[in-house]
Amino acid sequence: MLRTLPLPSIEQLARGLEPVDLPAGHVVFAQGDVGECYYVIESGEVDVIGDGRVVATLGEGEGFGEIALLRRTRRTAGVVARSDVRLRALLSDRFLPVVLGFTPSAREAAAEVDASLDRFAPEDPDLRG
């Protein structure tokens, strides 16, 4: 979804990124939490945990947390630092206007959310948003 954004939009997002350093084993957020940020992994790895099982492992350059922001729902899965991680967090009020304000990225975001939810369908239908 971010690949389709024009350079000025990418720069706008980059200005809003805040560093977050977490040790291995730290919970970034839990399934069912209210979504407030989108995260990009600068270094390290995280496990995405849905209904008590690891559904994905993400690493450097990958992002997570967009489903709750884009669908305005609670977190569909939790995320735990698999190793020491350095993340960059972007608050919802900085993420949403940029991503949804550009039609190609909004379309790509919707497709990515659908694909993620197809890979992991939470047992709680309220979390599917």
# chains A, B, ... in the order shown; residues from 1 in each chain; ligands from 1
>>> select_by_dssp(residues="range 48-105 of chain A", states="alpha helix (DSSP H)", output="PDB file with N, CA and C atoms, in the first residue's frame")
ATOM      1  N   GLU A  66      -1.940  -2.298  10.344  1.00  0.00           N
ATOM      2  CA  GLU A  66      -2.823  -1.516   9.488  1.00  0.00           C
ATOM      3  C   GLU A  66      -4.271  -1.965   9.511  1.00  0.00           C
ATOM      4  N   ILE A  67      -4.534  -3.237   9.808  1.00  0.00           N
ATOM      5  CA  ILE A  67      -5.903  -3.740   9.735  1.00  0.00           C
ATOM      6  C   ILE A  67      -6.814  -2.987  10.701  1.00  0.00           C
ATOM      7  N   ALA A  68      -6.407  -2.867  11.954  1.00  0.00           N
ATOM      8  CA  ALA A  68      -7.247  -2.171  12.942  1.00  0.00           C
ATOM      9  C   ALA A  68      -7.458  -0.711  12.563  1.00  0.00           C
ATOM     10  N   LEU A  69      -6.441  -0.082  11.977  1.00  0.00           N
ATOM     11  CA  LEU A  69      -6.562   1.327  11.599  1.00  0.00           C
ATOM     12  C   LEU A  69      -7.490   1.498  10.399  1.00  0.00           C
ATOM     13  N   LEU A  70      -7.280   0.680   9.377  1.00  0.00           N
ATOM     14  CA  LEU A  70      -8.059   0.825   8.152  1.00  0.00           C
ATOM     15  C   LEU A  70      -9.501   0.362   8.307  1.00  0.00           C
ATOM     16  N   ARG A  71      -9.712  -0.661   9.123  1.00  0.00           N
ATOM     17  CA  ARG A  71     -11.062  -1.186   9.328  1.00  0.00           C
ATOM     18  C   ARG A  71     -11.748  -0.568  10.552  1.00  0.00           C
ATOM     19  N   SER A  92      -2.159   6.739  14.027  1.00  0.00           N
ATOM     20  CA  SER A  92      -3.283   6.618  13.110  1.00  0.00           C
ATOM     21  C   SER A  92      -3.619   7.931  12.414  1.00  0.00           C
ATOM     22  N   ASP A  93      -3.599   9.035  13.151  1.00  0.00           N
ATOM     23  CA  ASP A  93      -3.993  10.317  12.546  1.00  0.00           C
ATOM     24  C   ASP A  93      -2.979  10.829  11.525  1.00  0.00           C
ATOM     25  N   ARG A  94      -1.794  10.234  11.482  1.00  0.00           N
ATOM     26  CA  ARG A  94      -0.810  10.567  10.447  1.00  0.00           C
ATOM     27  C   ARG A  94      -0.841   9.549   9.310  1.00  0.00           C
ATOM     28  N   PHE A  95      -1.162   8.304   9.649  1.00  0.00           N
ATOM     29  CA  PHE A  95      -1.173   7.202   8.689  1.00  0.00           C
ATOM     30  C   PHE A  95      -2.399   7.251   7.770  1.00  0.00           C
ATOM     31  N   LEU A  96      -3.582   7.318   8.361  1.00  0.00           N
ATOM     32  CA  LEU A  96      -4.812   7.194   7.585  1.00  0.00           C
ATOM     33  C   LEU A  96      -5.014   8.266   6.511  1.00  0.00           C
ATOM     34  N   PRO A  97      -4.834   9.554   6.826  1.00  0.00           N
ATOM     35  CA  PRO A  97      -5.079  10.553   5.776  1.00  0.00           C
ATOM     36  C   PRO A  97      -4.177  10.382   4.552  1.00  0.00           C
ATOM     37  N   VAL A  98      -2.944   9.966   4.778  1.00  0.00           N
ATOM     38  CA  VAL A  98      -2.017   9.802   3.658  1.00  0.00           C
ATOM     39  C   VAL A  98      -2.379   8.560   2.839  1.00  0.00           C
ATOM     40  N   VAL A  99      -2.560   7.431   3.506  1.00  0.00           N
ATOM     41  CA  VAL A  99      -2.834   6.177   2.798  1.00  0.00           C
ATOM     42  C   VAL A  99      -4.199   6.212   2.117  1.00  0.00           C
ATOM     43  N   LEU A 100      -5.212   6.698   2.813  1.00  0.00           N
ATOM     44  CA  LEU A 100      -6.557   6.712   2.240  1.00  0.00           C
ATOM     45  C   LEU A 100      -6.797   7.906   1.316  1.00  0.00           C
ATOM     46  N   THR A 103      -5.906   7.378  -4.039  1.00  0.00           N
ATOM     47  CA  THR A 103      -6.729   6.243  -4.469  1.00  0.00           C
ATOM     48  C   THR A 103      -5.950   4.950  -4.705  1.00  0.00           C
ATOM     49  N   PRO A 104      -4.808   4.956  -5.407  1.00  0.00           N
ATOM     50  CA  PRO A 104      -4.090   3.683  -5.594  1.00  0.00           C
ATOM     51  C   PRO A 104      -3.645   3.044  -4.274  1.00  0.00           C
ATOM     52  N   SER A 105      -3.188   3.837  -3.326  1.00  0.00           N
ATOM     53  CA  SER A 105      -2.760   3.246  -2.050  1.00  0.00           C
ATOM     54  C   SER A 105      -3.964   2.777  -1.248  1.00  0.00           C
TER      55      SER A 105
END
>>> select_by_dssp(residues="range 2-114 of chain A", states="strand (DSSP E or B)", output="JSON, numbers by chain")
{"A": [18, 19, 20, 21, 22, 27, 28, 29, 34, 37, 38, 39, 40, 41, 42, 43, 46, 47, 48, 49, 50, 53, 54, 55, 56, 57, 58, 63, 64, 74, 78, 79, 80, 81, 85, 86, 87, 88, 89, 90, 91]}
>>> residues_around(residues="Val85 in chain A", least_positions_apart="5", cutoff="12 Å", atoms="only C-alpha atoms", output="JSON, numbers by chain")
{"A": [19, 20, 21, 22, 23, 24, 25, 26, 27, 28, 39, 40, 41, 42, 43, 44, 45, 46, 47, 58, 59, 60, 61, 79, 80]}
>>> write_last_selection(atoms="C-alpha atoms", output="short mmCIF file (atom, residue, chain, number, x, y, z; two decimals), in the first residue's frame")
data_model
loop_
_atom_site.label_atom_id
_atom_site.label_comp_id
_atom_site.auth_asym_id
_atom_site.auth_seq_id
_atom_site.Cartn_x
_atom_site.Cartn_y
_atom_site.Cartn_z
CA PRO A 19 11.37 5.06 17.22
CA VAL A 20 10.28 2.19 19.46
CA ASP A 21 12.93 -0.20 20.84
CA LEU A 22 11.67 -3.41 22.46
CA PRO A 23 13.42 -6.45 23.95
CA ALA A 24 12.72 -9.99 22.81
CA GLY A 25 9.48 -11.31 24.30
CA HIS A 26 7.87 -7.88 24.70
CA VAL A 27 4.24 -7.60 23.58
CA VAL A 28 3.84 -4.82 21.01
CA TYR A 39 4.53 -0.10 12.73
CA VAL A 40 7.47 -0.68 10.41
CA ILE A 41 10.29 -3.03 11.47
CA GLU A 42 13.69 -1.36 11.20
CA SER A 43 15.58 -4.33 12.65
CA GLY A 44 14.74 -7.62 14.34
CA GLU A 45 11.72 -9.88 14.00
CA VAL A 46 8.20 -10.09 15.45
CA ASP A 47 5.69 -12.91 15.65
CA LEU A 58 7.80 -10.48 10.08
CA GLY A 59 11.23 -8.93 9.68
CA GLU A 60 13.16 -5.88 8.54
CA GLY A 61 11.24 -3.58 6.22
CA VAL A 79 2.37 -9.03 17.94
CA VAL A 80 5.32 -10.07 20.12
#
>>> residues_around(residues="Gly32 in chain A", least_positions_apart="3", cutoff="9 Å", atoms="only C-alpha atoms", output="PyMOL selection string")
chain A and resi 29+35+73-78+127
>>> residues_around(residues="Tyr38 in chain A", least_positions_apart="2", cutoff="6 Å", atoms="only C-alpha atoms", output="MDAnalysis selection string")
chainID A and resid 65:66 89:90
